[in-house]
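Listing of query_7.csv; format and content: CSV, C-alpha atoms and all ligand atoms.
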```
chain,number,residue,atom,x,y,z
O,284,MET,CA,77.4,96.4,114.6
O,285,ILE,CA,81.2,95.9,114.9
O,286,GLY,CA,81.6,99.6,115.8
O,287,ARG,CA,79.5,99.1,118.9
O,288,GLU,CA,81.6,96.0,119.8
O,289,HIS,CA,84.8,98.1,119.5
O,290,MET,CA,83.4,100.8,121.8
O,291,ARG,CA,82.4,98.1,124.4
O,292,VAL,CA,85.7,96.3,124.2
O,293,ALA,CA,87.8,99.5,124.4
O,294,THR,CA,85.9,100.5,127.5
O,295,LEU,CA,86.2,97.0,129.1
O,296,LEU,CA,90.0,97.0,128.4
O,297,GLY,CA,90.3,100.4,130.0
O,298,ARG,CA,93.6,101.4,128.3
O,299,ALA,CA,91.8,104.0,126.1
O,300,ARG,CA,88.6,106.1,126.4
O,301,VAL,CA,85.9,106.2,123.6
O,302,HIS,CA,85.7,110.0,122.8
O,303,GLY,CA,83.1,110.2,120.1
O,304,LEU,CA,81.7,108.8,116.8
O,305,PHE,CA,80.5,109.7,113.4
O,306,ASP,CA,77.9,107.6,111.4
O,307,PRO,CA,75.7,109.0,108.6
O,308,GLU,CA,72.8,106.8,109.7
O,309,PRO,CA,70.8,108.3,112.6
O,310,GLU,CA,69.5,104.9,113.7
O,311,SER,CA,73.1,103.5,114.0
O,312,VAL,CA,74.0,106.6,116.1
O,313,ARG,CA,71.0,106.1,118.3
O,314,GLN,CA,71.9,102.5,119.0
O,315,ALA,CA,75.5,103.2,119.7
O,316,VAL,CA,74.7,106.1,122.1
O,317,ALA,CA,72.1,104.0,123.9
O,318,GLU,CA,74.4,101.0,124.3
O,319,PHE,CA,77.3,103.1,125.4
O,320,ALA,CA,75.2,104.8,128.1
O,321,SER,CA,74.3,101.3,129.4
O,322,TYR,CA,77.9,100.5,130.5
O,323,SER,CA,79.6,103.9,130.7
O,324,ALA,CA,79.0,107.2,132.4
O,325,GLY,CA,81.5,108.8,130.1
O,326,LYS,CA,80.6,111.7,127.7
O,327,LEU,CA,80.3,110.7,124.1
O,328,ILE,CA,80.5,113.3,121.3
O,329,VAL,CA,78.4,112.7,118.2
O,330,TYR,CA,80.2,114.5,115.3
O,331,ARG,CA,78.2,116.0,112.4
O,332,ASP,CA,80.7,114.9,109.8
O,333,LEU,CA,83.8,112.7,109.3
O,334,ARG,CA,86.1,115.7,109.0
O,335,SER,CA,85.2,117.2,112.3
O,336,ALA,CA,85.5,113.8,114.0
O,337,VAL,CA,89.0,113.0,112.7
O,338,ASP,CA,90.3,116.5,113.1
O,339,ASP,CA,89.3,116.8,116.7
O,340,PRO,CA,92.7,117.3,118.5
O,341,ALA,CA,91.3,115.4,121.5
O,342,ILE,CA,91.3,112.2,119.4
O,343,ASP,CA,94.5,110.2,119.5
O,344,ALA,CA,93.4,107.3,117.2
O,345,ILE,CA,90.7,106.4,114.8
O,346,PHE,CA,88.7,103.2,114.3
O,347,VAL,CA,87.1,102.7,110.8
O,348,CYS,CA,84.1,100.3,111.2
O,349,SER,CA,82.1,101.1,108.1
O,350,PRO,CA,81.2,98.7,105.3
O,351,ASN,CA,83.9,97.1,103.2
O,352,PHE,CA,83.4,99.3,100.1
O,353,THR,CA,83.9,102.4,102.1
O,354,HIS,CA,87.3,101.6,103.7
O,355,PHE,CA,89.6,102.8,100.9
O,356,GLN,CA,87.6,106.0,100.3
O,357,ILE,CA,87.5,106.8,104.0
O,358,LEU,CA,91.2,106.3,104.3
O,359,GLN,CA,91.7,109.0,101.6
O,360,GLN,CA,89.6,111.4,103.8
O,361,ILE,CA,91.5,110.7,107.0
O,362,LYS,CA,95.1,110.1,106.0
O,363,HIS,CA,96.0,113.8,106.5
O,364,THR,CA,95.5,113.3,110.3
O,365,ALA,CA,98.6,111.0,110.5
O,366,LYS,CA,96.9,109.5,113.6
O,367,PRO,CA,97.1,105.7,114.4
O,368,LEU,CA,94.4,104.0,112.4
O,369,PHE,CA,92.4,100.8,112.9
O,370,ILE,CA,90.6,99.7,109.7
O,371,GLU,CA,88.2,96.8,109.7
O,372,LYS,CA,88.7,93.9,107.4
O,373,PRO,CA,88.8,93.4,104.5
O,374,MET,CA,91.2,96.4,103.9
O,375,ALA,CA,89.5,97.0,100.5
O,376,ILE,CA,87.2,95.3,98.0
O,377,ARG,CA,89.5,95.9,95.0
O,378,LEU,CA,93.1,94.7,94.8
O,379,ASP,CA,94.3,97.9,93.2
O,380,ASP,CA,92.9,99.9,96.1
O,381,ALA,CA,94.7,97.4,98.5
O,382,ARG,CA,97.9,98.0,96.6
O,383,SER,CA,97.5,101.8,97.1
O,384,MET,CA,96.8,101.3,100.7
O,385,LEU,CA,99.9,99.2,101.1
O,386,LEU,CA,102.0,101.9,99.5
O,387,LEU,CA,100.4,104.5,101.8
O,388,ALA,CA,101.0,102.4,104.9
O,389,ASP,CA,104.7,102.3,104.1
O,390,GLU,CA,104.9,106.1,104.1
O,391,TYR,CA,102.3,106.8,106.8
O,392,PRO,CA,103.8,108.6,109.8
O,393,SER,CA,101.9,106.4,112.2
O,394,PHE,CA,100.6,102.8,111.8
O,395,ILE,CA,97.5,101.2,110.2
O,396,GLN,CA,96.2,98.1,111.9
O,397,LEU,CA,93.7,95.8,110.2
O,398,GLY,CA,90.8,94.2,112.0
O,399,MET,CA,91.9,90.6,111.5
O,400,GLN,CA,91.1,89.6,115.0
O,401,TYR,CA,90.5,85.8,114.5
O,402,ARG,CA,94.2,85.4,115.0
O,403,PHE,CA,93.5,86.4,118.7
O,404,LYS,CA,90.9,83.6,119.2
O,405,SER,CA,92.0,81.5,122.1
O,406,GLN,CA,92.2,78.2,120.2
O,407,TYR,CA,94.4,79.7,117.5
O,408,VAL,CA,96.7,81.5,120.0
O,409,GLU,CA,97.2,78.1,121.6
O,410,ALA,CA,97.7,76.4,118.2
O,411,PHE,CA,100.4,78.9,117.2
O,412,HIS,CA,102.1,78.5,120.5
O,413,GLU,CA,102.2,74.7,120.2
O,414,ILE,CA,103.3,74.7,116.6
O,415,LYS,CA,105.6,77.7,116.3
O,416,GLU,CA,107.1,78.0,119.8
O,417,ARG,CA,107.0,74.4,121.0
O,418,ASN,CA,107.4,72.8,117.6
O,419,SER,CA,105.1,70.0,118.8
O,420,LEU,CA,104.3,68.8,115.3
O,421,GLY,CA,107.7,69.2,113.6
O,422,ALA,CA,107.6,70.7,110.1
O,423,ILE,CA,104.0,71.3,109.0
O,424,LYS,CA,102.7,69.4,106.0
O,425,THR,CA,99.0,70.1,105.9
O,426,ILE,CA,96.6,72.8,107.1
O,427,ALA,CA,92.8,72.2,106.9
O,428,MET,CA,90.6,75.1,108.0
O,429,SER,CA,86.8,75.1,108.1
O,430,GLU,CA,83.9,77.3,109.1
O,431,TYR,CA,80.3,76.2,109.5
O,432,ARG,CA,77.8,79.0,110.4
O,433,PRO,CA,74.4,80.5,109.9
O,434,PRO,CA,73.8,83.0,107.0
O,435,PHE,CA,75.2,86.5,106.8
O,436,LEU,CA,73.4,88.8,109.3
O,437,ASN,CA,71.3,91.9,108.6
O,438,LYS,CA,73.5,94.9,107.9
O,439,VAL,CA,72.7,98.6,107.4
O,440,LYS,CA,71.5,98.9,103.8
O,441,GLN,CA,72.3,95.1,103.3
O,442,TRP,CA,75.7,95.8,101.8
O,443,ASN,CA,76.9,92.2,102.7
O,444,LYS,CA,74.4,90.6,100.3
O,445,PHE,CA,76.1,91.9,97.2
O,446,ASN,CA,79.6,91.2,95.8
O,447,ALA,CA,79.9,94.7,94.6
O,448,PHE,CA,79.8,96.1,98.1
O,449,SER,CA,81.4,93.3,100.1
O,450,GLY,CA,84.1,92.1,97.7
O,451,GLY,CA,82.6,88.6,97.6
O,452,THR,CA,82.2,86.1,100.4
O,453,LEU,CA,85.8,84.7,100.3
O,454,VAL,CA,87.2,88.3,100.6
O,455,GLU,CA,84.6,89.7,103.0
O,456,LYS,CA,84.2,86.9,105.5
O,457,CYS,CA,87.0,84.4,104.8
O,458,CYS,CA,90.0,86.8,104.7
O,459,HIS,CA,90.3,85.9,108.4
O,460,TYR,CA,90.9,82.3,107.5
O,461,PHE,CA,93.4,82.9,104.7
O,462,ASP,CA,95.3,85.2,107.2
O,463,LEU,CA,95.4,82.3,109.7
O,464,ILE,CA,96.5,79.8,107.0
O,465,ASN,CA,99.3,82.3,105.8
O,466,LEU,CA,100.5,82.7,109.4
O,467,MET,CA,100.6,78.9,109.9
O,468,ALA,CA,102.3,78.1,106.6
O,469,GLU,CA,104.9,81.0,106.9
O,470,THR,CA,105.7,80.6,103.2
O,471,ARG,CA,104.3,81.9,99.9
O,472,ILE,CA,101.2,80.5,98.2
O,473,ASP,CA,101.8,78.8,94.8
O,474,ASN,CA,98.4,77.7,93.4
O,475,VAL,CA,94.7,77.8,94.4
O,476,TYR,CA,91.7,76.0,93.1
O,477,ALA,CA,88.2,76.7,94.4
O,478,VAL,CA,84.5,75.8,93.9
O,479,SER,CA,81.8,78.0,95.5
O,480,GLY,CA,78.2,79.0,95.0
O,481,GLN,CA,74.9,80.3,96.2
O,482,ALA,CA,73.0,77.2,97.2
O,483,VAL,CA,70.5,78.2,99.9
O,484,ASN,CA,70.9,81.7,101.3
O,485,PHE,CA,69.3,84.8,99.9
O,486,ILE,CA,68.2,83.1,96.7
O,487,ASP,CA,65.1,85.3,96.5
O,488,PHE,CA,66.5,88.3,98.4
O,489,THR,CA,66.4,91.6,96.6
O,490,TYR,CA,67.3,95.1,97.9
O,491,GLU,CA,66.5,98.3,96.0
O,492,GLY,CA,65.7,96.2,92.9
O,493,LYS,CA,68.9,94.1,92.9
O,494,ASP,CA,69.1,90.4,93.4
O,495,SER,CA,71.6,89.1,96.1
O,496,ASP,CA,74.6,87.4,94.4
O,497,ILE,CA,76.5,86.4,97.5
O,498,HIS,CA,78.0,82.9,97.8
O,499,ASP,CA,77.1,80.7,100.8
O,500,HIS,CA,79.6,77.8,100.5
O,501,ALA,CA,83.0,77.1,99.1
O,502,PHE,CA,85.8,74.6,99.0
O,503,VAL,CA,89.3,76.0,98.4
O,504,VAL,CA,92.5,74.0,97.9
O,505,MET,CA,95.9,75.7,98.2
O,506,GLN,CA,99.5,74.6,97.5
O,507,PHE,CA,102.2,76.5,99.3
O,508,ALA,CA,105.9,76.6,98.7
O,509,GLY,CA,107.9,74.1,100.7
O,510,GLY,CA,105.4,71.3,100.1
O,511,ILE,CA,102.6,72.5,102.4
O,512,SER,CA,99.1,71.7,101.3
O,513,ALA,CA,96.0,73.6,102.7
O,514,SER,CA,92.3,73.6,102.4
O,515,PHE,CA,89.4,75.9,103.5
O,516,THR,CA,85.8,74.8,103.7
O,517,LEU,CA,82.9,77.2,104.1
O,518,ASN,CA,79.3,76.5,104.8
O,519,MET,CA,76.9,79.3,105.7
O,520,PHE,CA,73.7,77.5,106.0
O,521,SER,CA,74.4,75.7,109.2
O,522,ARG,CA,72.4,76.1,112.4
O,523,GLU,CA,75.2,76.9,114.8
O,524,LEU,CA,78.8,78.2,114.4
O,525,TYR,CA,81.7,75.7,114.3
O,526,GLU,CA,85.3,76.5,113.3
O,527,GLU,CA,88.0,73.9,113.0
O,528,LEU,CA,91.7,74.0,112.2
O,529,SER,CA,93.5,70.8,111.8
O,530,VAL,CA,97.3,70.9,111.2
O,531,THR,CA,99.6,67.9,110.7
O,532,GLY,CA,103.3,67.5,110.8
O,533,LYS,CA,105.7,64.6,111.0
O,534,ASN,CA,105.1,64.2,114.8
O,535,GLY,CA,101.3,64.2,114.7
O,536,ARG,CA,98.2,66.4,114.5
O,537,LEU,CA,96.8,69.4,116.2
O,538,LEU,CA,93.1,70.2,116.2
O,539,ALA,CA,91.8,73.6,117.3
O,540,SER,CA,88.1,74.0,117.4
O,541,GLU,CA,85.3,76.4,118.5
O,542,HIS,CA,81.6,75.8,119.1
O,543,SER,CA,79.6,79.0,119.4
O,544,SER,CA,76.2,80.4,118.6
O,545,PHE,CA,74.3,83.6,117.7
O,546,THR,CA,71.7,82.7,120.2
O,547,PRO,CA,71.8,85.5,122.8
O,548,GLY,CA,73.2,84.4,126.2
O,549,SER,CA,74.9,81.3,124.8
O,550,ARG,CA,78.6,80.8,125.6
O,551,SER,CA,81.3,79.5,123.2
O,552,ARG,CA,83.7,76.6,123.9
O,553,ALA,CA,87.2,76.6,122.4
O,554,GLU,CA,89.4,73.5,122.6
O,555,ILE,CA,92.7,72.2,121.4
O,556,MET,CA,93.9,68.6,121.0
O,557,VAL,CA,97.5,67.7,120.3
O,558,GLU,CA,97.7,64.1,119.1
O,559,VAL,CA,101.5,63.7,119.7
O,560,ASP,CA,102.8,60.9,121.9
O,561,GLY,CA,103.0,61.9,125.5
O,562,HIS,CA,101.4,65.4,125.0
O,563,PRO,CA,99.3,66.5,128.0
O,564,ALA,CA,96.6,67.7,125.6
O,565,TYR,CA,96.4,64.4,123.7
O,566,GLN,CA,92.8,63.9,124.8
O,567,GLY,CA,92.0,67.6,124.3
O,568,LYS,CA,91.7,70.6,126.7
O,569,GLU,CA,89.4,73.6,126.9
O,570,VAL,CA,91.0,76.9,126.2
O,571,THR,CA,88.0,79.3,126.2
O,572,TYR,CA,88.8,82.8,127.5
O,573,PRO,CA,87.3,83.8,130.9
O,574,ALA,CA,83.6,84.5,130.7
O,575,GLN,CA,83.6,88.3,130.8
O,576,ILE,CA,86.3,88.5,128.1
O,577,GLU,CA,84.7,85.7,126.0
O,578,ALA,CA,81.3,87.5,126.1
O,579,SER,CA,82.7,90.9,125.1
O,580,GLY,CA,82.8,90.1,121.3
O,581,HIS,CA,84.1,87.4,118.9
O,582,GLN,CA,84.8,85.0,121.7
O,583,GLY,CA,87.2,87.4,123.3
O,584,ALA,CA,89.3,87.9,120.2
O,585,THR,CA,88.4,91.6,119.9
O,586,PHE,CA,89.6,92.2,123.4
O,587,PHE,CA,93.1,91.0,122.6
O,588,GLU,CA,93.0,92.8,119.3
O,589,HIS,CA,92.5,96.0,121.3
O,590,GLU,CA,95.3,95.1,123.6
O,591,ALA,CA,97.5,94.7,120.5
O,592,PHE,CA,96.4,98.1,119.2
O,593,ILE,CA,97.3,99.9,122.4
O,594,ASP,CA,100.6,97.9,122.6
O,595,GLN,CA,101.4,99.1,119.1
O,596,LEU,CA,100.4,102.7,120.0
O,597,GLU,CA,102.8,102.5,123.0
O,598,GLY,CA,105.6,101.1,120.8
O,599,LYS,CA,105.5,97.6,122.5
O,600,PRO,CA,105.7,94.3,120.7
O,601,HIS,CA,102.4,93.2,119.2
O,602,ASP,CA,100.8,90.6,116.9
O,603,SER,CA,98.3,92.8,115.0
O,604,ALA,CA,97.6,92.5,111.3
O,605,SER,CA,99.6,94.8,109.0
O,606,CYS,CA,98.4,96.0,105.6
O,607,GLU,CA,100.8,93.6,103.9
O,608,GLN,CA,99.3,90.7,105.8
O,609,GLY,CA,95.8,91.9,104.9
O,610,MET,CA,96.9,92.1,101.3
O,611,TRP,CA,98.1,88.5,101.2
O,612,ALA,CA,94.8,87.4,102.7
O,613,ILE,CA,92.6,89.1,100.2
O,614,LEU,CA,94.9,88.2,97.3
O,615,ILE,CA,94.4,84.5,98.0
O,616,ALA,CA,90.6,85.1,98.6
O,617,SER,CA,90.4,87.0,95.2
O,618,ALA,CA,92.4,84.3,93.4
O,619,ALA,CA,90.0,81.6,94.9
O,620,GLN,CA,87.0,83.6,93.7
O,621,GLN,CA,88.6,83.9,90.3
O,622,SER,CA,89.3,80.2,90.3
O,623,ALA,CA,85.7,79.4,91.2
O,624,ALA,CA,84.4,81.7,88.5
O,625,ALA,CA,86.7,80.3,85.8
O,626,GLY,CA,86.7,76.7,86.9
O,627,GLN,CA,90.5,76.7,86.7
O,628,LEU,CA,93.6,76.2,88.9
O,629,ILE,CA,95.1,79.7,89.5
O,630,SER,CA,98.8,80.4,89.9
O,631,VAL,CA,98.6,83.2,92.5
O,632,LYS,CA,101.9,84.8,91.4
O,633,ASP,CA,100.5,85.1,87.8
O,634,PHE,CA,97.2,86.3,89.1
O,635,ALA,CA,99.0,89.0,91.2
O,636,ALA,CA,101.0,90.0,88.2
O,637,GLU,CA,97.8,90.4,86.1
O,638,GLN,CA,96.5,92.6,88.9
O,639,GLY,CA,99.6,94.8,88.8
O,640,LEU,CA,100.6,93.8,92.4
O,641,ASN,CA,104.0,92.3,92.1
O,642,ASP,CA,105.8,95.6,92.6
O,643,VAL,CA,104.5,95.7,96.2
O,644,LEU,CA,104.7,91.9,97.0
O,645,SER,CA,107.9,90.0,97.5
O,646,TRP,CA,107.7,86.4,96.5
O,701,LIG,N1,86.5,91.7,112.3
O,701,LIG,C1,85.4,91.1,112.3
O,701,LIG,O1,85.2,90.0,112.7
O,701,LIG,C2,84.2,91.8,111.8
O,701,LIG,C3,82.9,91.4,112.2
O,701,LIG,C4,81.9,92.1,111.6
O,701,LIG,C5,82.1,93.2,110.7
O,701,LIG,N2,83.4,93.4,110.3
O,701,LIG,C6,83.7,94.5,109.4
O,701,LIG,O2,83.3,95.7,109.9
O,701,LIG,C7,82.8,96.6,109.0
O,701,LIG,C8,81.4,97.0,109.4
O,701,LIG,O3,80.6,95.8,109.5
O,701,LIG,P1,79.3,95.9,110.4
O,701,LIG,O4,78.9,94.5,110.6
O,701,LIG,O5,79.4,96.7,111.6
O,701,LIG,O6,78.3,96.6,109.4
O,701,LIG,P2,76.9,97.4,109.7
O,701,LIG,O7,76.2,97.6,108.4
O,701,LIG,O8,76.2,96.8,110.8
O,701,LIG,O9,77.5,98.8,110.2
O,701,LIG,C9,78.3,99.7,109.4
O,701,LIG,C10,78.0,101.1,109.8
O,701,LIG,O10,78.8,101.9,109.1
O,701,LIG,C11,78.0,103.1,108.7
O,701,LIG,N3,78.6,103.8,107.6
O,701,LIG,C12,78.3,103.6,106.3
O,701,LIG,N4,79.1,104.4,105.5
O,701,LIG,C13,79.8,105.2,106.3
O,701,LIG,C14,80.7,106.2,106.2
O,701,LIG,N5,81.1,106.6,104.9
O,701,LIG,N6,81.3,106.8,107.3
O,701,LIG,C15,81.0,106.3,108.5
O,701,LIG,N7,80.1,105.3,108.7
O,701,LIG,C16,79.5,104.8,107.7
O,701,LIG,C17,76.7,102.6,108.5
O,701,LIG,O11,75.7,103.6,108.6
O,701,LIG,C18,76.5,101.5,109.7
O,701,LIG,O12,76.1,102.1,110.8
O,701,LIG,C19,82.8,95.8,107.7
O,701,LIG,O13,84.0,96.1,107.0
O,701,LIG,C20,82.9,94.3,108.1
O,701,LIG,O14,83.5,93.5,107.2
O,701,LIG,C21,84.4,92.8,110.9
```

Just give me the structure as structure tokens.
Amino acid sequence: MIGREHMRVATLLGRARVHGLFDPEPESVRQAVAEFASYSAGKLIVYRDLRSAVDDPAIDAIFVCSPNFTHFQILQQIKHTAKPLFIEKPMAIRLDDARSMLLLADEYPSFIQLGMQYRFKSQYVEAFHEIKERNSLGAIKTIAMSEYRPPFLNKVKQWNKFNAFSGGTLVEKCCHYFDLINLMAETRIDNVYAVSGQAVNFIDFTYEGKDSDIHDHAFVVMQFAGGISASFTLNMFSRELYEELSVTGKNGRLLASEHSSFTPGSRSRAEIMVEVDGHPAYQGKEVTYPAQIEASGHQGATFFEHEAFIDQLEGKPHDSASCEQGMWAILIASAAQQSAAAGQLISVKDFAAEQGLNDVLSW
């Protein structure tokens, strides 16, 4: 699904050409080839295996858009190429694999960019500009993030209905939001407490004899160094999609929001509101990307993620997610999942030590 979006967006951006693809599922290949032909007259090579795809000297960069549980294993099969890599989020479903990936990224002759494109959503780009560049709120005190959305979509072989393949809902889906919270806090996490569960979705869902165990809601509370408190709310049995980031500082509050829908043909609407005396956006303003970009995937965020990838390829400044940032996001997500399972407050530093990670993380 996201692989087709990357092909479409790369073509729309026009700074690279999609050369070919490999996917072990014939139906996925059929869909990708048919969709590509609908917007491009370009030639598309379908490779017979991963090795012949990544070793093709005509290929300058590789996008890995396979299920979460395959990312680490595929990285082992392609690292010899030393080509620029884009790997979808989450980087891995196990923290020890993420640690190995971080070590590999440090030594890798080229770069590894992670698919954390929510940081390129228009309302968050505006929010970071207001808070970090313009310092509109003064020092940040609280960060409250929430996502309301319909259930997980159908995936090839339903890997996203099982913790063993996805890494768990907070790792799989919500690493985006922990990344945003980390970028906003700009300091290290101390503690996390979470409750989560499977209340409505996929209760009776089975695939190949296994019952779905994926959670569909969560409340996560976080304490960061420097007196910043944060929260994340997830609900996945809502009719439509709604995301909200509310940040407060001494000078006031910023609200960044997005209404969108999975209904084909519907447009999204992104807004920010800056409740600071005299601010021109005090009553709110729309910040949705232009229609063609907005419609290209993830409200236009994927378009700017590709721009960042090509900028990085060309040695220009970029805001794309590194393996280290991806690691911090899934570390908090994993600690939250552990907290919810144990019903306990978790010291993230202690949790990282138990997982053998503190040699690669600086606190
Ligand atoms: N950044 C985002 O917002 C975003 C959105 C959706 C999905 N994703 C991520 O992208 C990845 C794929 O998600 P999706 O929604 O496209 O799933 P999907 O199930 O729709 O597609 C995954 C494809 O990978 C193929 N595949 C499986 N094993 C493979 C292998 N070893 N080598 C090559 N291809 C293989 C499958 O046949 C399938 O066609 C996941 O990691 C997911 O978390 C990210």

Legend entry - d(CA of Ile423 in chain O, CA of Lys533 in chain O) in Å: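 We find that CA of Ile423 in chain O and CA of Lys533 in chain O lie 7.2 Å from each other.
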
Inset, instruction - Quote the spacing between atom N4 of ligand LIG 701 (chain O) and CA of Pro309 in chain O in Å to one decimal place. - result: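 Taking atom N4 of ligand LIG 701 (chain O) and CA of Pro309 in chain O, their separation equals 11.6 Å.
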
Inset, instruction - Using all atoms listed in the file, find the one residue out of O:Ala564, O:Val301, O:Ala513, O:Val483 that sits nearest to Leu538 in chain O. - result: O:Ala564

Inset, instruction - Mind checking which residues fall within 10 Å of range 349-356 of chain O, counting all atoms listed in the file, ignoring those fewer than 4 positions away in the same chain, and posting them as a ChimeraX atom specification? - result: /O:284-286,306,360-361,370-377,380-381,383-384,438-443,446-450,454-455

Please write the residues from the selection above to a file, keeping C-alpha atoms, as a compact mmCIF listing (two decimals), keeping the file's coordinate frame.
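Result went into out29.txt, see below:
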```txt
# COMPACT_ATOMS: atom_id res chain seq x y z
CA MET O 284 77.40 96.40 114.60
CA ILE O 285 81.20 95.90 114.90
CA GLY O 286 81.60 99.60 115.80
CA ASP O 306 77.90 107.60 111.40
CA GLN O 360 89.60 111.40 103.80
CA ILE O 361 91.50 110.70 107.00
CA ILE O 370 90.60 99.70 109.70
CA GLU O 371 88.20 96.80 109.70
CA LYS O 372 88.70 93.90 107.40
CA PRO O 373 88.80 93.40 104.50
CA MET O 374 91.20 96.40 103.90
CA ALA O 375 89.50 97.00 100.50
CA ILE O 376 87.20 95.30 98.00
CA ARG O 377 89.50 95.90 95.00
CA ASP O 380 92.90 99.90 96.10
CA ALA O 381 94.70 97.40 98.50
CA SER O 383 97.50 101.80 97.10
CA MET O 384 96.80 101.30 100.70
CA LYS O 438 73.50 94.90 107.90
CA VAL O 439 72.70 98.60 107.40
CA LYS O 440 71.50 98.90 103.80
CA GLN O 441 72.30 95.10 103.30
CA TRP O 442 75.70 95.80 101.80
CA ASN O 443 76.90 92.20 102.70
CA ASN O 446 79.60 91.20 95.80
CA ALA O 447 79.90 94.70 94.60
CA PHE O 448 79.80 96.10 98.10
CA SER O 449 81.40 93.30 100.10
CA GLY O 450 84.10 92.10 97.70
CA VAL O 454 87.20 88.30 100.60
CA GLU O 455 84.60 89.70 103.00
```

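Taking all atoms listed in the file, the non-local environment of Ala293 in chain O within 8 Å (same-chain residues fewer than 5 positions away omitted) comprises Arg298, Ala299, Arg300, Val301, Phe586 and His589 of chain O.
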
Dump of C-alpha atoms for the selected residues, as a tab-separated table (two decimals), in the coordinates of the input:
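Dumped everything to part-v4.tsv:
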```tsv
chain	number	residue	atom	x	y	z
O	298	ARG	CA	93.60	101.40	128.30
O	299	ALA	CA	91.80	104.00	126.10
O	300	ARG	CA	88.60	106.10	126.40
O	301	VAL	CA	85.90	106.20	123.60
O	586	PHE	CA	89.60	92.20	123.40
O	589	HIS	CA	92.50	96.00	121.30
```

Inset, instruction - Could you tell me which of O:Asn641, O:Ser521, O:Ser540, O:Gln582 comes closest to ligand LIG 701 (chain O) if we count all atoms listed in the file? - result: O:Gln582

Legend entry - Nearest to ligand LIG 701 (chain O), chosen from O:Glu413, O:Glu318, O:Glu590, O:Asp332, with all atoms listed in the file counted in the distances: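 Once distances to ligand LIG 701 (chain O) are computed over all atoms listed in the file, the minimum belongs to O:Asp332.
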